[in-house]
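Shown next: final-v4.csv, containing CSV, C-alpha atoms.
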```
chain,number,residue,atom,x,y,z
A,1,ASN,CA,-103.0,333.3,22.0
A,2,PRO,CA,-102.6,336.4,24.1
A,3,LYS,CA,-101.9,335.9,27.8
A,4,ARG,CA,-104.6,336.7,30.3
A,5,LYS,CA,-103.8,339.7,32.5
A,6,PRO,CA,-103.0,338.7,36.1
A,7,ARG,CA,-105.8,338.9,38.7
A,8,GLY,CA,-105.7,341.3,41.6
A,9,LEU,CA,-104.3,344.8,41.8
A,10,PRO,CA,-101.4,345.9,39.7
A,11,PRO,CA,-98.2,347.2,41.6
A,12,LEU,CA,-98.3,350.7,42.9
A,13,LEU,CA,-96.9,353.3,40.5
A,14,THR,CA,-93.7,354.3,42.3
A,15,ASP,CA,-90.3,355.6,41.2
A,16,GLU,CA,-88.8,352.1,41.6
A,17,LEU,CA,-91.4,350.3,39.3
A,18,SER,CA,-90.2,349.6,35.8
A,19,ILE,CA,-92.0,348.3,32.7
A,20,GLU,CA,-89.5,345.4,32.6
A,21,HIS,CA,-90.7,344.1,36.0
A,22,VAL,CA,-94.3,345.2,36.4
A,23,THR,CA,-95.9,342.0,34.9
A,24,GLN,CA,-93.7,339.8,37.1
A,25,GLN,CA,-94.6,341.7,40.3
A,26,TRP,CA,-98.3,341.8,39.4
A,27,THR,CA,-98.3,338.0,38.8
A,28,GLU,CA,-96.5,337.3,42.1
A,29,GLU,CA,-98.9,339.4,44.0
A,30,SER,CA,-101.9,337.7,42.4
A,31,GLN,CA,-100.5,334.3,43.2
A,32,SER,CA,-99.7,335.1,46.8
A,33,ASN,CA,-103.3,336.4,47.3
A,34,ALA,CA,-105.1,334.0,45.0
A,35,HIS,CA,-107.9,333.5,47.5
A,36,LEU,CA,-108.9,337.2,47.3
A,37,TRP,CA,-109.4,337.2,43.5
A,38,LYS,CA,-111.9,334.4,42.8
A,39,ASN,CA,-114.7,335.2,40.4
A,40,ASN,CA,-118.4,334.6,41.1
A,41,GLU,CA,-118.4,331.2,39.4
A,42,GLU,CA,-115.5,330.0,41.5
A,43,CYS,CA,-117.1,331.2,44.7
A,44,ILE,CA,-120.5,329.5,43.8
A,45,ALA,CA,-118.7,326.3,43.0
A,46,GLU,CA,-117.2,326.3,46.5
A,47,GLY,CA,-120.7,326.7,48.0
A,48,HIS,CA,-120.8,330.4,48.7
A,49,SER,CA,-124.0,332.4,48.0
A,50,ILE,CA,-123.6,335.5,45.9
A,51,ASP,CA,-126.2,338.1,45.5
A,52,GLU,CA,-124.7,340.6,43.1
A,53,MET,CA,-127.4,343.2,44.0
A,54,ASP,CA,-126.0,343.4,47.5
A,55,HIS,CA,-122.6,344.4,46.3
A,56,ALA,CA,-122.0,348.0,45.3
A,57,PRO,CA,-119.1,348.5,42.8
A,58,LEU,CA,-115.9,349.6,44.4
A,59,PRO,CA,-115.0,353.2,43.7
A,60,LYS,CA,-112.3,353.7,41.2
A,61,PRO,CA,-109.3,355.5,42.6
A,62,CYS,CA,-108.3,357.2,39.3
A,63,LEU,CA,-110.2,359.4,36.8
A,64,LEU,CA,-107.8,358.1,34.2
A,65,SER,CA,-104.9,355.6,34.2
A,66,TRP,CA,-103.0,353.9,31.4
A,67,VAL,CA,-99.6,352.5,30.5
A,68,ALA,CA,-98.8,352.0,26.9
A,69,ASN,CA,-98.1,348.4,25.8
A,70,LEU,CA,-99.1,347.1,29.2
A,71,GLU,CA,-102.9,347.0,28.7
A,72,ARG,CA,-104.1,344.4,26.2
A,73,HIS,CA,-106.0,346.9,24.1
A,74,LEU,CA,-103.4,349.7,24.2
A,75,ASP,CA,-100.7,348.5,21.9
A,76,ASN,CA,-100.7,350.8,18.9
A,77,PRO,CA,-101.0,354.5,18.1
A,78,LYS,CA,-104.7,354.4,17.0
A,79,ARG,CA,-105.8,352.8,20.2
A,80,LEU,CA,-103.7,355.2,22.3
A,81,GLU,CA,-105.3,358.2,20.5
A,82,GLY,CA,-108.7,356.6,21.1
A,83,LYS,CA,-107.9,356.3,24.8
A,84,LEU,CA,-106.9,359.9,25.2
A,85,GLN,CA,-109.3,361.7,22.8
A,86,PRO,CA,-112.3,361.9,25.2
A,87,PHE,CA,-110.3,363.9,27.7
A,88,ILE,CA,-108.4,366.2,25.4
A,89,SER,CA,-110.1,369.6,24.9
A,90,SER,CA,-107.4,371.1,22.7
A,91,ASN,CA,-104.4,369.8,20.9
A,92,ASP,CA,-101.8,371.7,18.9
A,93,GLY,CA,-99.1,369.2,17.7
A,94,TRP,CA,-99.3,366.1,19.9
A,95,SER,CA,-100.0,362.6,18.6
A,96,ALA,CA,-99.5,358.9,19.3
A,97,ALA,CA,-96.3,357.3,17.9
A,98,ASN,CA,-94.6,353.9,18.2
A,99,ASP,CA,-90.8,354.4,17.8
A,100,ASN,CA,-88.7,351.3,18.0
A,101,GLY,CA,-91.5,349.4,19.7
A,102,LYS,CA,-92.0,352.1,22.4
A,103,LEU,CA,-95.5,353.5,22.2
A,104,GLY,CA,-96.2,356.9,23.6
A,105,TRP,CA,-97.8,360.4,23.3
A,106,VAL,CA,-95.3,362.7,21.6
A,107,PRO,CA,-95.0,366.3,20.3
A,108,SER,CA,-95.1,365.7,16.6
A,109,SER,CA,-94.8,369.5,15.8
A,110,GLY,CA,-91.7,370.0,18.0
A,111,LEU,CA,-91.0,372.9,20.3
A,112,GLY,CA,-94.1,374.7,21.5
A,113,SER,CA,-96.4,371.7,20.9
A,114,LYS,CA,-99.1,371.8,23.5
A,115,PHE,CA,-102.4,370.0,24.5
A,116,THR,CA,-104.9,370.4,27.3
A,117,MET,CA,-106.9,367.7,29.2
A,118,ASN,CA,-110.2,368.7,30.9
A,119,TRP,CA,-112.8,367.2,33.2
A,120,LYS,CA,-116.0,368.9,34.2
A,121,SER,CA,-117.3,368.4,37.7
A,122,VAL,CA,-115.1,365.5,38.7
A,123,SER,CA,-116.9,362.6,40.4
A,124,GLN,CA,-114.0,361.9,42.8
A,125,PRO,CA,-111.2,363.8,44.4
A,126,VAL,CA,-107.9,364.2,42.6
A,127,LYS,CA,-104.8,364.7,44.9
A,128,ALA,CA,-102.0,363.6,42.7
A,129,VAL,CA,-101.1,363.2,39.0
A,130,THR,CA,-98.3,360.8,37.8
A,131,TRP,CA,-96.7,360.6,34.4
A,132,MET,CA,-94.6,357.8,33.1
A,133,ILE,CA,-92.1,359.5,30.8
A,134,MET,CA,-89.2,358.2,28.7
A,135,ARG,CA,-85.8,359.8,29.0
A,136,SER,CA,-83.3,359.3,26.3
A,137,TYR,CA,-80.0,360.7,24.9
A,138,GLY,CA,-78.4,362.1,21.8
A,139,GLU,CA,-79.1,365.1,19.6
A,140,LYS,CA,-82.8,364.4,19.1
A,141,TRP,CA,-83.4,364.5,22.9
A,142,ALA,CA,-81.1,367.3,23.9
A,143,GLY,CA,-82.8,369.9,26.1
A,144,SER,CA,-86.1,368.0,26.1
A,145,THR,CA,-88.4,369.6,28.7
A,146,LEU,CA,-92.2,369.4,29.2
A,147,ASN,CA,-94.1,372.0,31.3
A,148,VAL,CA,-97.2,370.6,33.1
A,149,GLN,CA,-99.7,372.7,34.9
A,150,VAL,CA,-102.7,371.5,36.9
A,151,TYR,CA,-105.7,373.8,37.5
A,152,SER,CA,-109.1,373.8,39.0
A,153,GLY,CA,-110.9,376.8,37.7
A,154,ASP,CA,-108.4,379.7,37.8
A,155,ALA,CA,-106.5,378.2,40.7
A,156,LEU,CA,-103.1,376.6,40.0
A,157,PHE,CA,-102.6,373.4,42.0
A,158,ALA,CA,-99.3,372.2,40.7
A,159,SER,CA,-96.7,373.1,38.1
A,160,GLU,CA,-93.5,371.3,37.1
A,161,ASP,CA,-90.9,371.2,34.3
A,162,ILE,CA,-90.2,367.6,33.5
A,163,VAL,CA,-86.8,366.7,31.9
A,164,GLY,CA,-86.9,364.2,29.0
A,165,PHE,CA,-83.2,363.7,28.5
A,166,HIS,CA,-80.2,362.3,30.4
A,167,ASP,CA,-76.6,361.4,29.9
A,168,LYS,CA,-77.0,357.6,30.0
A,169,HIS,CA,-76.8,355.9,26.6
A,170,THR,CA,-80.1,354.1,27.2
A,171,SER,CA,-83.8,355.0,26.9
A,172,GLU,CA,-85.5,354.5,30.3
A,173,THR,CA,-88.9,355.1,31.8
A,174,TYR,CA,-89.4,357.3,34.9
A,175,ASN,CA,-92.4,358.0,37.1
A,176,ILE,CA,-93.0,361.7,37.8
A,177,LYS,CA,-95.5,362.3,40.6
A,178,MET,CA,-97.0,365.8,41.1
A,179,GLU,CA,-98.9,366.2,44.4
A,180,LEU,CA,-101.6,368.9,44.3
A,181,ASP,CA,-101.8,371.7,46.8
A,182,GLY,CA,-104.1,371.5,49.8
A,183,ASP,CA,-106.8,368.9,49.5
A,184,GLY,CA,-106.4,368.8,45.7
A,185,VAL,CA,-109.3,369.0,43.3
A,186,THR,CA,-112.6,368.2,45.2
A,187,VAL,CA,-115.7,366.4,44.0
A,188,GLY,CA,-117.8,368.6,41.8
A,189,SER,CA,-114.9,370.9,40.7
A,190,ASP,CA,-113.4,371.2,37.3
A,191,LEU,CA,-109.9,369.8,36.5
A,192,THR,CA,-107.7,371.2,33.7
A,193,ILE,CA,-104.1,369.9,32.9
A,194,LYS,CA,-102.0,371.8,30.4
A,195,PHE,CA,-98.9,370.4,28.7
A,196,GLN,CA,-96.4,372.2,26.6
A,197,LEU,CA,-93.0,371.3,25.2
A,198,THR,CA,-90.8,374.1,26.4
A,199,GLY,CA,-87.4,372.7,25.5
A,200,GLY,CA,-85.8,370.5,22.9
A,201,SER,CA,-87.7,369.0,20.0
A,202,THR,CA,-89.3,365.8,21.4
A,203,PHE,CA,-90.7,364.1,24.5
A,204,LYS,CA,-92.6,360.9,25.2
A,205,ILE,CA,-95.4,360.2,27.7
A,206,SER,CA,-95.9,356.5,28.1
A,207,GLY,CA,-98.4,356.5,30.9
A,208,MET,CA,-100.7,358.6,33.1
A,209,ALA,CA,-102.4,358.2,36.5
A,210,ILE,CA,-104.8,360.9,37.6
A,211,CYS,CA,-105.9,359.7,41.1
A,212,ASP,CA,-107.1,360.4,44.6
A,213,HIS,CA,-103.7,359.4,46.1
```

Rewritten as structure tokens:
Amino acid sequence: NPKRKPRGLPPLLTDELSIEHVTQQWTEESQSNAHLWKNNEECIAEGHSIDEMDHAPLPKPCLLSWVANLERHLDNPKRLEGKLQPFISSNDGWSAANDNGKLGWVPSSGLGSKFTMNWKSVSQPVKAVTWMIMRSYGEKWAGSTLNVQVYSGDALFASEDIVGFHDKHTSETYNIKMELDGDGVTVGSDLTIKFQLTGGSTFKISGMAICDH
């Protein structure tokens, strides 16, 4: 049977966080703060009164967040495509792929492959975008570079060329955080993010976080 995900909040998406240790850190945090993560039934059993109508839902800090293979229902290409499709306004050559057990969003048409994500009238501010990307080695990955641009209307809020290769003879996941200029994209504004493979023949995005921090 599949394991239940840990209670509580997952670890912060930082440069030091790795896929190999994220579950352990999440579990340890949940266990150390177990009293904070009781469900309604457990609270009622302890004699607490709960009126769900009095509790407004907590605001979500991210417009979109996902990590391939970490979420229970995000473990194959079809499900990843289903996760991203509602937010993609145009796509020229990108698709989900699972290479050697490493699921991600990749430029299947090679150099020049591009796609755009779009949100109309965002319901919460966006101040930073973070990408979990895989860096690898060898001829296939030589020169791999992804250009990412973040817009609100015609205003460019951030732009970065992200390298997808390194000299290590391993494939590793890195977190690339782009902080938006000024106060970022404010509530009610449009958000557009453009991606294009500008170097090499491949790249892999294995997670995204589009958030207010």

Using only C-alpha atoms, which residue out of A:Thr192, A:Thr130, A:Met178, A:Gly207 lies closest to Lys83 in chain A?
-> A:Gly207

From CA of Val122 in chain A to CA of His213 in chain A the spacing works out at 14.9 Å

For each of A:Asn118, A:Thr186, A:Ile162, A:Trp131, take the minimum atom-to-atom distance to Ser65 in chain A, counting all atoms listed in the file, then give the residue where this is smallest.
-> A:Trp131

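Polymer residues near (-93.7, 349.1, 18.5): counting all atoms listed in the file with a cut-off of 10 Å, they are A:Asn69, A:Asp75, A:Asn76, A:Pro77, A:Ala97, A:Asn98, A:Asp99, A:Asn100, A:Gly101, A:Lys102, A:Leu103, A:Gly104.
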
In Å, rounded to a single decimal, give me how far CA of Leu63 in chain A is from CA of Phe115 in chain A.
-> 18.0 Å
